[in-house]
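One structure below.
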Amino acid sequence: MDARDGSLHHQYLSPTISKLTLFLLLLLPLISTLTPSSSSSGWQPDPTSSFEELPLNQSNLHIQKPYDLPVSDRYSFINGIHKLWVYSSDHPLSKGSPTRPRSEIFLNQYIYYSGVWQFEAHGYVPCGTSGVCITQVFGAAFPRNTTLMLRVYNGSLYYYHDTVLVPDIYDRWFRVNIIHDVAASNLKVYIDGEFKFETSGHGGTFHYFKCGVYAQDNASYYMESRWKGIRVLKKGD
């Protein structure tokens, strides 16, 4: 057999090429599972990318609490952690108000009327706290007051009381990101960096973010949430 016509090479290389091809075919499924994908929760883009963080310090946080109590009776700030608590038997925010008891951080420095805004924080809800709003986007067209609420009922995190976003939220830190595009009337919610929910807005001429505890239907007697790393961000015009 003459090696110059390639027949010798073909005879001895073909088995090698076939084995290599088979090896690559077997390897492809493994490679695909290791390749980052935007559809995989572990590789989703950071919701804060393309947003600018705005200045925020302790003086920008207004504490709303029962009107007859000092702030220190329903709020503490120790080692970078905001702790807010309230009882279902507490008085409302102001005397004669029809609203329910609350202890909330009102981010009053950033009341917005247009643009794309974002709230980010790490929250913690202890076991037993239920029937409570822990985060809200305030402002909506009458007769509503809010555009979005995240509530906790029996250990699950809800959009209002309709949609479960996370089935087990108790006794652990979780990251919350809420993006509000005012002109598009669109809101997106991310938990631990994972997209969880999208909804339309409810109108209103102005909005702002709040977090803490605000009693809702079927509230537990004691309600508490903790927060750290609170940030407000805005997308450039």
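Ordering of the structure tokens sets the chain letters (A, B, ...); residue numbers start at 1 within each chain; ligands are numbered from 1 in the order shown.
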(message) Could you list, as a VMD selection string, every residue within 7 Å of Tyr113 (chain A), counting only C-alpha atoms and ignoring same-chain residues fewer than 4 positions away?
(response) chain A and resid 205 to 207
(request) Tell me, as a PyMOL selection string, which residues lie within 7 Å of Val137 (chain A), counting only C-alpha atoms; anything in the same chain fewer than 4 positions away does not count. (result) chain A and resi 146-149+207-210
(request) Would you list the contacts of Leu56 (chain A) as a ChimeraX atom specification, taking every protein, DNA or RNA residue within 9 Å and counting only C-alpha atoms, but skipping same-chain residues closer than 4 positions in sequence? (result) /A:60-61,107,109,230-232
(message) What's around Val182 (chain A) at 7 Å? Count only C-alpha atoms, leave out sequence neighbours fewer than 5 positions away in its own chain, and write the answer as a ChimeraX atom specification.
(response) /A:114-116
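Across the structure, CA of Lys83 (chain A) and CA of Gly131 (chain A) are spaced 17.8 Å apart.
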Could I get the residues of region 169-198 of chain A with an atom no further than 12 Å from an atom of region 160-163 of chain A, each paired with its nearest atom pair and that distance in Å to one decimal, using only C-alpha atoms, sorted by chain and residue number, as JSON lines?
{"residue": "A:Lys196", "atom": "CA", "partner": "A:Thr163", "partner_atom": "CA", "distance": 10.3}
{"residue": "A:Phe197", "atom": "CA", "partner": "A:Thr163", "partner_atom": "CA", "distance": 8.9}
{"residue": "A:Glu198", "atom": "CA", "partner": "A:Thr163", "partner_atom": "CA", "distance": 10.9}
Residues just named, written with all heavy atoms as a PDB file, in the first residue's frame:
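This is the output file selection-v7.pdb:
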ATOM      1  N   LYS A 196     -38.690  37.852  39.950  1.00  0.00           N
ATOM      2  CA  LYS A 196     -39.820  37.121  40.515  1.00  0.00           C
ATOM      3  C   LYS A 196     -41.180  37.569  39.985  1.00  0.00           C
ATOM      4  O   LYS A 196     -42.106  36.754  39.914  1.00  0.00           O
ATOM      5  CB  LYS A 196     -39.822  37.283  42.044  1.00  0.00           C
ATOM      6  CG  LYS A 196     -38.710  36.557  42.762  1.00  0.00           C
ATOM      7  CD  LYS A 196     -38.870  35.048  42.652  1.00  0.00           C
ATOM      8  CE  LYS A 196     -37.821  34.307  43.445  1.00  0.00           C
ATOM      9  NZ  LYS A 196     -37.963  32.829  43.304  1.00  0.00           N
ATOM     10  N   PHE A 197     -41.307  38.847  39.633  1.00  0.00           N
ATOM     11  CA  PHE A 197     -42.660  39.324  39.353  1.00  0.00           C
ATOM     12  C   PHE A 197     -42.605  40.630  38.577  1.00  0.00           C
ATOM     13  O   PHE A 197     -41.700  41.440  38.763  1.00  0.00           O
ATOM     14  CB  PHE A 197     -43.411  39.539  40.678  1.00  0.00           C
ATOM     15  CG  PHE A 197     -44.857  39.878  40.540  1.00  0.00           C
ATOM     16  CD1 PHE A 197     -45.778  38.922  40.123  1.00  0.00           C
ATOM     17  CD2 PHE A 197     -45.316  41.147  40.843  1.00  0.00           C
ATOM     18  CE1 PHE A 197     -47.129  39.238  39.995  1.00  0.00           C
ATOM     19  CE2 PHE A 197     -46.655  41.474  40.727  1.00  0.00           C
ATOM     20  CZ  PHE A 197     -47.565  40.508  40.297  1.00  0.00           C
ATOM     21  N   GLU A 198     -43.594  40.819  37.712  1.00  0.00           N
ATOM     22  CA  GLU A 198     -43.741  42.057  36.961  1.00  0.00           C
ATOM     23  C   GLU A 198     -45.211  42.433  36.940  1.00  0.00           C
ATOM     24  O   GLU A 198     -46.082  41.579  36.797  1.00  0.00           O
ATOM     25  CB  GLU A 198     -43.210  41.886  35.537  1.00  0.00           C
ATOM     26  CG  GLU A 198     -43.277  43.150  34.686  1.00  0.00           C
ATOM     27  CD  GLU A 198     -42.597  42.960  33.335  1.00  0.00           C
ATOM     28  OE1 GLU A 198     -42.247  41.805  32.994  1.00  0.00           O
ATOM     29  OE2 GLU A 198     -42.415  43.973  32.624  1.00  0.00           O
TER      30      GLU A 198
END
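Here CA of Pro92 (chain A) stands at a distance of 27.8 Å from CA of His180 (chain A).
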(request) Excluding His62 (chain A) and residues on its chain fewer than 5 positions from it, collect all residues at most 7 Å away from it, counting only C-alpha atoms, and give them as JSON, numbers by chain. (result) {"A": [105, 106, 107, 108]}
With N, CA, C and O atoms retained, export the selected residues as a PDB file, in the first residue's frame.
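What ended up in result37.pdb:
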ATOM      1  N   ILE A 105     -39.805  52.789  57.735  1.00  0.00           N
ATOM      2  CA  ILE A 105     -38.835  53.769  57.250  1.00  0.00           C
ATOM      3  C   ILE A 105     -39.400  54.397  55.982  1.00  0.00           C
ATOM      4  O   ILE A 105     -39.676  53.699  55.004  1.00  0.00           O
ATOM      5  N   PHE A 106     -39.567  55.687  56.026  1.00  0.00           N
ATOM      6  CA  PHE A 106     -40.069  56.459  54.885  1.00  0.00           C
ATOM      7  C   PHE A 106     -38.871  57.186  54.269  1.00  0.00           C
ATOM      8  O   PHE A 106     -38.245  58.022  54.912  1.00  0.00           O
ATOM      9  N   LEU A 107     -38.533  56.837  53.018  1.00  0.00           N
ATOM     10  CA  LEU A 107     -37.385  57.436  52.348  1.00  0.00           C
ATOM     11  C   LEU A 107     -37.804  58.774  51.753  1.00  0.00           C
ATOM     12  O   LEU A 107     -37.962  58.940  50.541  1.00  0.00           O
ATOM     13  N   ASN A 108     -37.977  59.748  52.642  1.00  0.00           N
ATOM     14  CA  ASN A 108     -38.604  61.007  52.256  1.00  0.00           C
ATOM     15  C   ASN A 108     -37.705  61.914  51.426  1.00  0.00           C
ATOM     16  O   ASN A 108     -38.184  62.896  50.852  1.00  0.00           O
TER      17      ASN A 108
END
(message) Could you go through region 40-156 of chain A and tell me which residues DSSP, when run on the backbone, assigns to helix (DSSP H, G or I), listing them as an NGL selection string?
(response) :A and (41-43 or 58-60 or 71-73)
(message) Let's see if you can do this: from backbone DSSP, list all strand (DSSP E or B) residues in region 77-235 of chain A, as a PyMOL selection string.
(response) chain A and resi 77-78+81-87+102-107+112+116-125+132-138+146-153+156-159+163-166+170+173-181+186-191+194-200+207-215+222-235
(request) For each of A:Arg226, A:Arg144, A:His91, A:His202, take the minimum atom-to-atom distance to Tyr170 (chain A), counting only C-alpha atoms, then give the residue where this is smallest. (result) A:Arg226
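The interatomic distance for the pair CA of Pro98 (chain A) and CA of Asp68 (chain A) works out to 15.2 Å.
Each of A:Leu157, A:Ile78, A:Val132, A:Val152 was compared to Tyr190 (chain A) using only C-alpha atoms, and A:Leu157 turns out to be the nearest.
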(request) Within 7 Å of Cys211 (chain A), counting only C-alpha atoms, which residues show up once you throw out same-chain ones fewer than 6 positions away? Write them as JSON, numbers by chain, please. (result) {"A": [104, 105, 134, 135, 136]}
Selection from above, N, CA and C atoms, as a CSV table (one decimal), in the first residue's frame, can you write it?
chain,number,residue,atom,x,y,z
A,104,GLU,N,-42.4,52.1,60.2
A,104,GLU,CA,-41.8,52.0,58.8
A,104,GLU,C,-40.7,53.1,58.6
A,105,ILE,N,-39.8,52.8,57.7
A,105,ILE,CA,-38.8,53.8,57.3
A,105,ILE,C,-39.4,54.4,56.0
A,134,ILE,N,-44.2,44.6,54.3
A,134,ILE,CA,-42.8,44.9,54.7
A,134,ILE,C,-42.1,45.9,53.8
A,135,THR,N,-42.6,46.1,52.6
A,135,THR,CA,-42.1,47.0,51.6
A,135,THR,C,-43.2,47.6,50.8
A,136,GLN,N,-43.1,48.8,50.4
A,136,GLN,CA,-44.2,49.4,49.6
A,136,GLN,C,-43.6,50.5,48.7
(message) So, with only C-alpha atoms as the atoms that count, which of A:Phe142, A:Phe195, A:Pro126, A:Lys235 lies closest to Leu165 (chain A)?
(response) A:Phe195
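Among the candidates A:Lys65, A:Val71, A:Ile178, A:Ser76, the one nearest to Ser94 (chain A) when counting only C-alpha atoms is A:Lys65.
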(message) My list of candidates is A:Asn186, A:Gln64, A:Ser200, A:Asn79. Which is closest to Val213 (chain A) when distances are computed with only C-alpha atoms?
(response) A:Gln64
